[in-house]
file coords_39.cif (mmCIF, C-alpha atoms)
data_model
loop_
_atom_site.label_atom_id
_atom_site.label_comp_id
_atom_site.auth_asym_id
_atom_site.auth_seq_id
_atom_site.Cartn_x
_atom_site.Cartn_y
_atom_site.Cartn_z
CA MET V 1 -37.88 -5.07 34.03
CA SER V 2 -37.05 -5.88 30.41
CA HIS V 3 -39.69 -3.43 29.30
CA CYS V 4 -37.95 -0.62 31.21
CA LEU V 5 -34.59 -1.50 29.79
CA TRP V 6 -36.03 -1.51 26.28
CA HIS V 7 -37.10 2.13 26.58
CA ARG V 8 -33.95 3.36 28.29
CA PRO V 9 -32.33 6.03 26.08
CA PRO V 10 -28.90 5.11 24.68
CA PRO V 11 -25.92 6.71 26.40
CA VAL V 12 -24.77 10.04 24.94
CA PRO V 13 -21.29 9.66 23.42
CA PRO V 14 -18.65 12.08 24.66
CA ARG V 15 -18.24 15.18 22.52
CA ILE V 16 -14.47 14.96 22.45
CA ALA V 17 -12.79 11.62 21.99
CA ALA V 18 -9.15 12.72 22.04
CA PRO V 19 -7.20 14.95 24.42
CA LEU V 20 -7.40 18.56 23.36
CA PRO V 21 -4.30 20.55 22.34
CA ARG V 22 -2.28 22.93 24.47
CA THR V 23 -0.54 24.99 21.78
CA PHE V 24 -1.67 26.88 18.69
CA GLN V 25 -0.03 24.41 16.30
CA GLU V 26 -1.96 21.51 17.85
CA VAL V 27 -5.22 23.48 17.78
CA ALA V 28 -4.80 24.43 14.14
CA GLY V 29 -4.31 20.79 13.24
CA ARG V 30 -7.59 19.64 14.80
CA ALA V 31 -10.07 22.49 14.37
CA GLN V 32 -10.97 25.09 11.79
CA PRO V 33 -11.52 28.72 12.86
CA SER V 34 -14.98 30.16 12.57
CA PRO V 35 -15.59 32.60 9.68
CA GLY V 36 -13.93 35.94 10.24
CA CYS V 37 -11.66 34.58 12.99
CA ARG V 38 -8.12 35.89 12.86
CA VAL V 39 -5.58 33.19 13.77
CA PRO V 40 -2.65 34.69 15.72
CA GLY V 41 0.62 34.47 13.89
CA ALA V 42 -0.89 33.61 10.53
CA GLY V 43 -0.47 35.70 7.42
CA ALA V 44 1.73 36.30 4.47
CA GLU V 45 4.70 37.05 6.64
CA GLY V 46 4.47 33.59 8.17
CA ALA V 47 6.80 32.36 5.43
CA ILE V 48 9.52 34.60 6.86
CA PHE V 49 8.80 34.60 10.55
CA PRO V 50 7.54 31.42 12.24
CA PRO V 51 3.97 31.43 13.65
CA LEU V 52 3.77 33.19 16.99
CA LEU V 53 3.21 30.80 19.88
CA VAL V 54 0.25 31.84 22.00
CA PRO V 55 -1.66 30.00 24.73
CA ALA V 56 -4.12 27.54 23.25
CA ALA V 57 -6.87 28.92 25.48
CA LEU V 58 -6.56 32.34 23.80
CA TRP V 59 -7.00 30.91 20.31
CA CYS V 60 -9.80 28.58 21.41
CA CYS V 61 -11.71 31.44 23.03
CA GLN V 62 -11.88 33.19 19.69
CA CYS V 63 -12.36 30.26 17.30
CA LEU V 64 -14.08 27.36 19.11
CA PRO V 65 -17.52 26.80 20.64
CA ALA V 66 -17.86 27.33 24.38
CA TRP V 67 -17.89 23.61 25.20
CA GLN V 68 -14.58 23.15 23.40
CA VAL V 69 -13.09 26.19 25.12
CA ARG V 70 -13.89 24.60 28.47
CA ALA V 71 -12.22 21.35 27.42
CA CYS V 72 -9.05 23.17 26.27
CA LEU V 73 -8.41 24.50 29.75
CA ASP V 74 -6.15 22.71 32.18
CA PRO V 75 -8.04 20.88 34.95
CA VAL V 76 -6.07 22.85 37.51
CA ASP V 77 -7.59 26.24 38.29
CA GLU V 78 -10.22 25.77 35.58
CA ARG V 79 -12.60 28.18 37.22
CA GLN V 80 -9.97 30.92 37.46
CA LYS V 81 -8.92 30.57 33.83
CA MET V 82 -12.50 30.64 32.62
CA ALA V 83 -12.94 33.89 34.52
CA GLU V 84 -9.88 35.30 32.77
CA LEU V 85 -11.22 34.30 29.36
CA LEU V 86 -14.53 35.93 30.14
CA GLY V 87 -12.64 39.00 31.27
CA LEU V 88 -10.88 39.18 27.88
CA ARG V 89 -14.23 39.40 26.15
CA ASP V 90 -15.61 42.02 28.51
CA GLU V 91 -16.55 45.01 26.41
CA CYS V 92 -15.47 47.63 28.88
CA GLY V 93 -12.53 45.77 30.37
CA GLU V 94 -13.25 47.16 33.82
CA GLY V 95 -13.14 45.37 37.14
CA THR V 96 -10.56 43.19 38.80
CA LEU V 97 -10.33 40.68 35.95
CA GLY V 98 -9.33 43.11 33.20
CA ALA V 99 -5.59 43.47 33.86
CA PRO V 100 -4.88 39.83 34.81
CA ALA V 101 -6.63 38.65 31.66
CA LEU V 102 -4.56 40.95 29.48
CA ALA V 103 -1.32 39.98 31.15
CA GLY V 104 -1.97 36.26 31.26
CA SER V 105 -3.48 35.65 27.82
CA CYS V 106 -2.34 38.45 25.50
CA LEU V 107 1.20 39.16 26.64
CA ALA V 108 3.02 35.86 26.08
CA ASP V 109 6.77 36.16 26.65
CA ASN V 110 7.94 38.88 24.24
CA ARG V 111 4.96 38.63 21.87
CA LEU V 112 1.73 40.59 21.93
CA ASN V 113 -1.06 39.65 19.51
CA LEU V 114 -3.96 42.08 19.72
CA ASP V 115 -5.21 42.10 16.14
CA VAL V 116 -7.69 39.34 17.05
CA TYR V 117 -9.68 41.81 19.16
CA PRO V 118 -11.84 44.62 17.77
CA ASP V 119 -10.61 46.82 20.66
CA GLY V 120 -6.98 45.73 20.56
CA CYS V 121 -5.64 49.29 20.79
CA ARG V 122 -7.61 49.91 23.98
CA ARG V 123 -6.10 46.79 25.46
CA PHE V 124 -2.64 47.92 24.40
CA LEU V 125 -3.11 51.33 26.02
CA GLN V 126 -4.35 49.66 29.20
CA LEU V 127 -1.26 47.47 29.31
CA PHE V 128 0.95 50.47 28.60
CA LYS V 129 -0.59 52.26 31.56
CA GLU V 130 -0.59 49.40 34.05
CA GLN V 131 2.37 47.25 32.98
CA GLN V 132 4.66 49.56 31.04
CA GLY V 133 7.80 47.94 32.41
CA GLU V 134 6.84 44.61 30.83
CA LEU V 135 5.28 46.03 27.70
CA VAL V 136 8.36 47.95 26.57
CA GLN V 137 10.27 44.65 26.43
CA ILE V 138 8.10 43.09 23.70
CA GLU V 139 9.71 42.19 20.38
CA PHE V 140 6.67 41.12 18.32
CA LEU V 141 3.47 43.18 18.12
CA ARG V 142 0.31 42.80 16.02
CA LEU V 143 -2.48 45.39 15.96
CA SER V 144 -5.41 46.06 13.65
CA SER V 145 -5.32 49.39 11.82
CA ASN V 146 -9.12 49.33 11.68
CA ASP V 147 -9.09 50.30 15.37
CA CYS V 148 -10.47 53.75 16.21
CA LEU V 149 -7.73 54.29 18.85
CA LEU V 150 -4.88 53.65 16.43
CA ASP V 151 -3.60 57.25 16.38
CA THR V 152 -3.34 57.34 20.18
CA THR V 153 -1.55 53.99 20.20
CA LEU V 154 1.04 55.15 17.64
CA GLY V 155 2.33 57.66 20.17
CA CYS V 156 3.51 54.81 22.41
CA PHE V 157 5.59 53.02 19.79
CA PRO V 158 8.86 54.99 20.27
CA HIS V 159 9.03 53.49 23.78
CA LEU V 160 9.20 49.96 22.35
CA LYS V 161 12.96 50.00 21.88
CA HIS V 162 13.24 46.20 21.58
CA LEU V 163 10.55 45.81 18.91
CA LYS V 164 11.64 43.57 16.01
CA SER V 165 8.38 42.81 14.22
CA LEU V 166 5.35 45.10 13.86
CA VAL V 167 2.14 44.29 12.00
CA LEU V 168 -0.36 47.16 11.54
CA LYS V 169 -2.66 45.70 8.91
CA GLY V 170 -6.16 46.61 7.90
CA GLY V 171 -8.72 44.20 6.51
CA HIS V 172 -10.01 43.12 9.92
CA ALA V 173 -13.44 44.67 9.35
CA ARG V 174 -16.01 44.46 6.56
CA ASP V 175 -18.38 47.02 5.11
CA GLU V 176 -22.10 46.52 4.50
CA PHE V 177 -21.33 44.70 1.24
CA GLY V 178 -18.97 42.23 2.90
CA SER V 179 -15.79 43.72 1.45
CA TYR V 180 -12.71 44.05 3.64
CA GLN V 181 -12.17 47.59 4.87
CA HIS V 182 -8.76 49.18 4.60
CA GLY V 183 -7.24 50.44 7.82
CA SER V 184 -7.14 54.10 8.82
CA LEU V 185 -3.35 54.42 8.77
CA THR V 186 -2.22 57.34 6.57
CA SER V 187 1.12 58.20 8.19
CA LEU V 188 3.52 57.37 11.01
CA PRO V 189 4.96 59.67 13.70
CA PRO V 190 8.45 61.04 12.90
CA ASP V 191 10.06 59.39 15.94
CA PHE V 192 8.93 55.99 14.61
CA GLY V 193 12.36 55.92 12.99
CA ASN V 194 13.90 55.47 16.45
CA LEU V 195 12.93 51.78 16.46
CA ARG V 196 16.49 50.69 15.79
CA CYS V 197 15.80 46.96 16.20
CA LEU V 198 12.80 46.76 13.86
CA THR V 199 13.45 44.21 11.10
CA HIS V 200 9.90 43.36 9.94
CA LEU V 201 7.16 45.91 9.19
CA ASP V 202 3.77 45.11 7.66
CA LEU V 203 1.51 48.07 6.81
CA SER V 204 -0.69 46.29 4.26
CA PHE V 205 -4.36 47.14 3.63
CA ASN V 206 -4.11 50.77 4.73
CA ARG V 207 -4.53 54.23 3.17
CA LEU V 208 -0.91 55.29 2.63
CA SER V 209 -0.54 57.61 -0.38
CA THR V 210 3.16 58.21 0.30
CA LEU V 211 5.69 56.07 2.13
CA PRO V 212 6.33 57.69 5.55
CA SER V 213 9.84 59.17 5.53
CA CYS V 214 10.54 57.81 9.01
CA ILE V 215 10.66 54.29 7.52
CA LEU V 216 13.86 55.25 5.71
CA HIS V 217 15.52 55.76 9.10
CA LEU V 218 15.01 52.17 10.25
CA PRO V 219 18.57 50.83 9.98
CA SER V 220 17.74 47.15 10.63
CA LEU V 221 14.69 46.81 8.37
CA ARG V 222 14.81 43.64 6.29
CA VAL V 223 11.14 42.97 5.43
CA LEU V 224 8.70 45.70 4.34
CA LEU V 225 5.12 45.06 3.20
CA VAL V 226 2.96 47.97 2.01
CA SER V 227 0.62 46.07 -0.34
CA HIS V 228 -2.99 47.18 -0.87
CA ASN V 229 -2.40 50.87 -0.21
CA SER V 230 -2.60 53.96 -2.44
CA LEU V 231 1.08 54.66 -3.05
CA VAL V 232 1.72 56.60 -6.25
CA THR V 233 5.49 56.85 -5.87
CA LEU V 234 8.42 55.75 -3.73
CA PRO V 235 10.92 58.18 -2.17
CA GLU V 236 13.95 59.07 -4.29
CA ASP V 237 16.24 57.82 -1.50
CA PHE V 238 14.39 54.53 -1.09
CA GLY V 239 17.65 52.75 -1.81
CA CYS V 240 19.01 53.75 1.61
CA LEU V 241 17.24 50.67 3.06
CA THR V 242 20.33 48.66 2.24
CA LYS V 243 19.44 45.68 4.47
CA LEU V 244 16.08 45.09 2.82
CA THR V 245 15.66 41.50 1.58
CA TYR V 246 11.90 41.45 0.91
CA PHE V 247 9.71 44.28 -0.39
CA SER V 248 6.08 44.00 -1.43
CA ALA V 249 4.12 46.95 -2.81
CA MET V 250 1.57 45.00 -4.82
CA LYS V 251 -1.86 46.49 -5.46
CA ASN V 252 -0.90 50.16 -5.26
CA GLN V 253 -0.86 52.96 -7.87
CA LEU V 254 2.87 53.21 -8.61
CA LYS V 255 3.66 54.81 -11.97
CA ASP V 256 7.45 54.65 -11.84
CA LEU V 257 10.35 53.63 -9.61
CA PRO V 258 13.26 55.68 -8.25
CA GLN V 259 16.70 54.98 -9.68
CA SER V 260 17.95 54.30 -6.15
CA ILE V 261 16.05 51.00 -6.12
CA GLY V 262 19.15 49.52 -7.69
CA GLU V 263 21.03 50.19 -4.43
CA LEU V 264 19.06 47.50 -2.59
CA SER V 265 21.93 45.09 -3.00
CA MET V 266 20.55 42.52 -0.51
CA LEU V 267 17.02 42.41 -1.94
CA GLN V 268 15.92 38.86 -2.75
CA ASP V 269 12.18 39.18 -3.38
CA LEU V 270 10.53 42.18 -5.06
CA ASP V 271 6.76 42.25 -5.64
CA LEU V 272 5.43 45.25 -7.59
CA SER V 273 2.47 43.49 -9.19
CA GLU V 274 -0.87 45.19 -9.92
CA ASN V 275 0.36 48.75 -10.13
CA GLY V 276 0.51 51.21 -13.04
CA LEU V 277 4.20 50.92 -13.92
CA GLU V 278 4.91 51.97 -17.51
CA LEU V 279 8.71 52.01 -17.41
CA LEU V 280 11.47 50.41 -15.36
CA PRO V 281 14.78 52.12 -14.61
CA GLU V 282 17.93 50.43 -15.89
CA GLU V 283 19.13 50.29 -12.28
CA VAL V 284 16.78 47.37 -11.63
CA GLY V 285 19.51 45.28 -13.20
CA ASN V 286 21.72 45.97 -10.17
CA LEU V 287 19.63 43.76 -7.88
CA HIS V 288 22.15 40.94 -8.14
CA ASN V 289 20.73 38.93 -5.20
CA CYS V 290 17.12 39.05 -6.40
CA THR V 291 15.63 35.56 -6.84
CA GLU V 292 11.99 36.50 -7.55
CA LEU V 293 10.70 39.56 -9.40
CA ASP V 294 6.96 40.07 -9.88
CA LEU V 295 5.97 42.84 -12.29
CA SER V 296 2.68 41.33 -13.43
CA GLY V 297 -0.46 43.39 -13.85
CA ASN V 298 1.25 46.63 -14.84
CA ARG V 299 1.39 48.67 -18.07
CA LEU V 300 4.90 47.82 -19.21
CA SER V 301 5.45 47.80 -22.97
CA SER V 302 9.11 46.84 -22.63
CA ILE V 303 11.65 45.83 -20.03
CA PRO V 304 15.28 46.97 -19.82
CA ASP V 305 18.09 44.76 -21.14
CA SER V 306 19.74 45.14 -17.74
CA LEU V 307 17.43 42.43 -16.36
CA ALA V 308 19.85 39.98 -17.95
CA ASN V 309 22.30 40.94 -15.16
CA LEU V 310 20.12 39.31 -12.50
CA LYS V 311 22.12 36.11 -12.36
CA SER V 312 20.36 34.94 -9.16
CA LEU V 313 16.87 35.33 -10.62
CA ARG V 314 14.74 32.17 -10.52
CA ARG V 315 11.22 33.45 -11.21
CA LEU V 316 10.25 36.40 -13.38
CA HIS V 317 6.55 37.28 -13.59
CA LEU V 318 5.61 39.61 -16.45
CA HIS V 319 2.10 38.43 -17.30
CA SER V 320 -0.80 40.83 -17.89
CA ASN V 321 1.25 43.76 -19.16
CA LEU V 322 1.44 45.45 -22.57
CA LEU V 323 4.75 43.96 -23.66
CA VAL V 324 5.44 44.05 -27.39
CA THR V 325 9.00 42.76 -27.09
CA VAL V 326 11.29 40.98 -24.63
CA PRO V 327 15.09 40.91 -24.76
CA ALA V 328 16.60 37.62 -25.96
CA SER V 329 19.26 38.00 -23.27
CA LEU V 330 16.75 36.72 -20.67
CA ALA V 331 17.46 33.23 -22.00
CA SER V 332 21.00 33.46 -20.62
CA LEU V 333 19.92 33.79 -16.97
CA PRO V 334 21.55 30.69 -15.41
CA ASN V 335 19.08 30.08 -12.55
CA LEU V 336 15.81 31.06 -14.21
CA SER V 337 13.15 28.36 -13.74
CA ARG V 338 9.97 30.32 -14.59
CA LEU V 339 9.35 33.09 -17.09
CA ASP V 340 5.68 34.13 -17.30
CA LEU V 341 4.87 36.21 -20.38
CA GLN V 342 1.17 35.36 -20.60
CA ASN V 343 -1.47 37.89 -21.66
CA ASN V 344 0.74 40.51 -23.27
CA CYS V 345 0.95 41.98 -26.78
CA LEU V 346 3.76 39.80 -28.07
CA ARG V 347 3.51 38.95 -31.77
CA ALA V 348 6.97 37.44 -31.84
CA ILE V 349 9.29 35.96 -29.25
CA PRO V 350 13.04 35.46 -29.66
CA ALA V 351 13.84 31.86 -30.55
CA GLU V 352 16.23 31.60 -27.59
CA ILE V 353 13.33 32.23 -25.23
CA GLN V 354 10.61 30.34 -27.08
CA THR V 355 12.48 27.03 -26.80
CA LEU V 356 12.90 27.22 -23.02
CA PRO V 357 10.65 24.69 -21.22
CA PHE V 358 9.70 27.02 -18.38
CA VAL V 359 8.38 29.91 -20.53
CA HIS V 360 4.62 30.57 -20.49
CA VAL V 361 3.25 32.55 -23.43
CA ARG V 362 -0.49 31.87 -23.68
CA GLY V 363 -2.75 34.85 -24.27
CA ASN V 364 -0.41 36.59 -26.74
CA PRO V 365 -1.26 37.34 -30.42
CA LEU V 366 1.75 35.33 -31.64
CA GLY V 367 2.11 35.30 -35.43
CA GLU V 368 -0.63 37.83 -36.01
CA THR V 369 -0.18 40.95 -38.10
CA GLU V 370 -0.28 44.40 -36.63
CA PRO V 371 -3.94 45.45 -36.13
CA SER V 372 -5.36 48.57 -37.69
CA PRO V 373 -5.96 51.60 -35.42
CA GLN V 374 -9.69 50.90 -35.56
CA ALA V 375 -9.15 47.44 -34.07
CA GLY V 376 -8.12 48.86 -30.71
CA ASN V 377 -5.27 47.74 -28.50
CA CYS V 378 -3.72 44.29 -28.42
CA LYS V 379 -5.67 43.24 -25.33
CA ALA V 380 -8.94 43.50 -27.24
CA SER V 381 -7.38 41.59 -30.14
CA VAL V 382 -6.17 38.82 -27.86
CA LEU V 383 -9.60 38.48 -26.32
CA CYS V 384 -11.16 38.12 -29.76
CA VAL V 385 -8.67 35.46 -30.86
CA LEU V 386 -8.49 33.61 -27.54
CA PRO V 387 -11.87 34.10 -25.86
CA SER V 388 -11.15 31.37 -23.30
CA CYS V 389 -8.06 33.11 -21.91
CA SER V 390 -8.44 35.29 -18.85
CA LEU V 391 -6.37 38.42 -18.35
CA THR V 392 -6.77 38.38 -14.61
CA GLN V 393 -6.21 34.67 -14.09
CA PRO V 394 -3.76 33.52 -16.77
CA SER V 395 -3.78 29.86 -17.71
CA MET V 396 -0.77 27.66 -17.11
CA VAL V 397 1.10 25.98 -19.95
#
call {"tool": "encode", "arguments": {"input": "coords_39.cif", "output": "structure tokens"}}
result
Amino acid sequence: MSHCLWHRPPPVPPRIAAPLPRTFQEVAGRAQPSPGCRVPGAGAEGAIFPPLLVPAALWCCQCLPAWQVRACLDPVDERQKMAELLGLRDECGEGTLGAPALAGSCLADNRLNLDVYPDGCRRFLQLFKEQQGELVQIEFLRLSSNDCLLDTTLGCFPHLKHLKSLVLKGGHARDEFGSYQHGSLTSLPPDFGNLRCLTHLDLSFNRLSTLPSCILHLPSLRVLLVSHNSLVTLPEDFGCLTKLTYFSAMKNQLKDLPQSIGELSMLQDLDLSENGLELLPEEVGNLHNCTELDLSGNRLSSIPDSLANLKSLRRLHLHSNLLVTVPASLASLPNLSRLDLQNNCLRAIPAEIQTLPFVHVRGNPLGETEPSPQAGNCKASVLCVLPSCSLTQPSMV
């Protein structure tokens, strides 16, 4: 008897020791998504809008192994819910499980998160066909602009009269080299401007070369993100978006700004980094509510004195430009807590600025004489003098 007990295999410990979560916040705290998994509600805009609450089973289906998915389900009707989850992953979406799965797991209250699916637009069109009465009531919508049915889906948007937040981002697919692919969005339908309730619009990682004019007709728009596109200019009447509080156009090809940008009187955060700006209009100084201004990674050789009028400004990012001078009046900004002048062409800095504790100036040829024409531009000179400094990732002082 003892011999048999000696060879008995030890009991297998349970795979989950604690009760599994029921909401996205609980899931995110206990498990990490698999590579390439898109977590609903996450993103840069999460700092402005809270994470979208979705059923835990939906997130688990995409990001956890099968045995954990099973454990996330409620004991009641476990078999039925597993069938719905399987129906969500059905490639064709046909059969009796297709519509219930879409309604029960994708459409949660007034929020619809379909950017986690490679065929999210097909699912949207199916919902629009079968449950239009419910779909037109949604207020928050997320779709991937890498979807091949995007153009067809855009035609349904004017019916979403209650829509407040729309995310149409690319970057959900990778090419053969592993790089994120930009979405296929190049324009928006003219009647897109009829979305009177829209306050948040994210069109990042797309192929926009001009800002669609219909955006200027969105009277409630407060947050606009068009980063990682191909914009070369902004409309002359861009300032008509008078309720705008946040605008990001980083990583585009902007060469200049319209004078009307000074009419954005409610703007608090302006990100124009990594463009090709060579000159700023004086009207930028009219952004009296602006608290953060990011102009890094451009080709600015000077900035207007009117920036000293931005009394609400807390952070001013000017690193990695071609600045040869900065106005001493910047030292008088009462709320400024960070001034980043790193990696420019500054050979001298006004004493009023140089003594401020929050000014960062590394990567400048301070105190050096003007180089000869054969020596090249100041960036090459800085690299020779300070080989350890990086132009793309400036060091902190």
call {"tool": "resolve_selection", "arguments": {"input": "coords_39.cif", "expression": "the PyMOL selection byres ((chain V and resi 257) around 10)", "output": "PyMOL selection string"}}
result
chain V and resi 232-236+238+254-256+258-262+272+277-281+283-284
call {"tool": "closest_atom_pairs", "arguments": {"input": "coords_39.cif", "of": "segment 149-183 of chain V", "to": "segment 108-127 of chain V", "cutoff": "12 Å", "atoms": "all atoms listed in the file", "output": "CSV"}}
result
residue,atom,partner,partner_atom,distance
V:Leu149,CA,V:Cys121,CA,5.8
V:Leu150,CA,V:Cys121,CA,6.2
V:Asp151,CA,V:Cys121,CA,9.3
V:Thr152,CA,V:Leu125,CA,8.4
V:Thr153,CA,V:Cys121,CA,6.3
V:Leu154,CA,V:Cys121,CA,9.4
V:Gly155,CA,V:Leu125,CA,10.2
V:Cys156,CA,V:Leu125,CA,8.3
V:Phe157,CA,V:Phe124,CA,10.7
V:Leu160,CA,V:Asn110,CA,11.3
V:His162,CA,V:Asn110,CA,9.4
V:Leu163,CA,V:Asn110,CA,9.1
V:Lys164,CA,V:Arg111,CA,10.2
V:Ser165,CA,V:Arg111,CA,9.4
V:Leu166,CA,V:Leu112,CA,9.9
V:Val167,CA,V:Asp115,CA,8.7
V:Leu168,CA,V:Asp115,CA,8.4
V:Lys169,CA,V:Asp115,CA,8.5
V:Gly170,CA,V:Asp115,CA,9.4
V:Gly171,CA,V:Asp115,CA,10.5
V:His172,CA,V:Asp115,CA,7.9
V:Ala173,CA,V:Pro118,CA,8.6
V:Arg174,CA,V:Pro118,CA,12.0
V:Gly183,CA,V:Asp115,CA,12.0
call {"tool": "write_last_selection", "arguments": {"input": "coords_39.cif", "atoms": "C-alpha atoms", "output": "compact mmCIF listing (two decimals), in the coordinates of the input"}}
result
# COMPACT_ATOMS: atom_id res chain seq x y z
CA LEU V 149 -7.73 54.29 18.85
CA LEU V 150 -4.88 53.65 16.43
CA ASP V 151 -3.60 57.25 16.38
CA THR V 152 -3.34 57.34 20.18
CA THR V 153 -1.55 53.99 20.20
CA LEU V 154 1.04 55.15 17.64
CA GLY V 155 2.33 57.66 20.17
CA CYS V 156 3.51 54.81 22.41
CA PHE V 157 5.59 53.02 19.79
CA LEU V 160 9.20 49.96 22.35
CA HIS V 162 13.24 46.20 21.58
CA LEU V 163 10.55 45.81 18.91
CA LYS V 164 11.64 43.57 16.01
CA SER V 165 8.38 42.81 14.22
CA LEU V 166 5.35 45.10 13.86
CA VAL V 167 2.14 44.29 12.00
CA LEU V 168 -0.36 47.16 11.54
CA LYS V 169 -2.66 45.70 8.91
CA GLY V 170 -6.16 46.61 7.90
CA GLY V 171 -8.72 44.20 6.51
CA HIS V 172 -10.01 43.12 9.92
CA ALA V 173 -13.44 44.67 9.35
CA ARG V 174 -16.01 44.46 6.56
CA GLY V 183 -7.24 50.44 7.82
call {"tool": "resolve_selection", "arguments": {"input": "coords_39.cif", "expression": "the PyMOL selection byres ((chain V and resi 366) around 6)", "output": "JSON, numbers by chain"}}
result
{"V": [347, 348, 364, 365, 367, 368]}
call {"tool": "closest_residue", "arguments": {"input": "coords_39.cif", "among": "V:His360, V:Arg207, V:His217, V:Lys243", "to": "Leu231 of chain V", "atoms": "only C-alpha atoms"}}
result
V:Arg207
call {"tool": "atom_distance", "arguments": {"input": "coords_39.cif", "atom1": "atom CA of Phe205 of chain V", "atom2": "atom CA of Leu323 of chain V"}}
result
28.9 Å
call {"tool": "resolve_selection", "arguments": {"input": "coords_39.cif", "expression": "the PyMOL selection byres ((chain V and resi 309) around 9)", "output": "count of residues only"}}
result
13
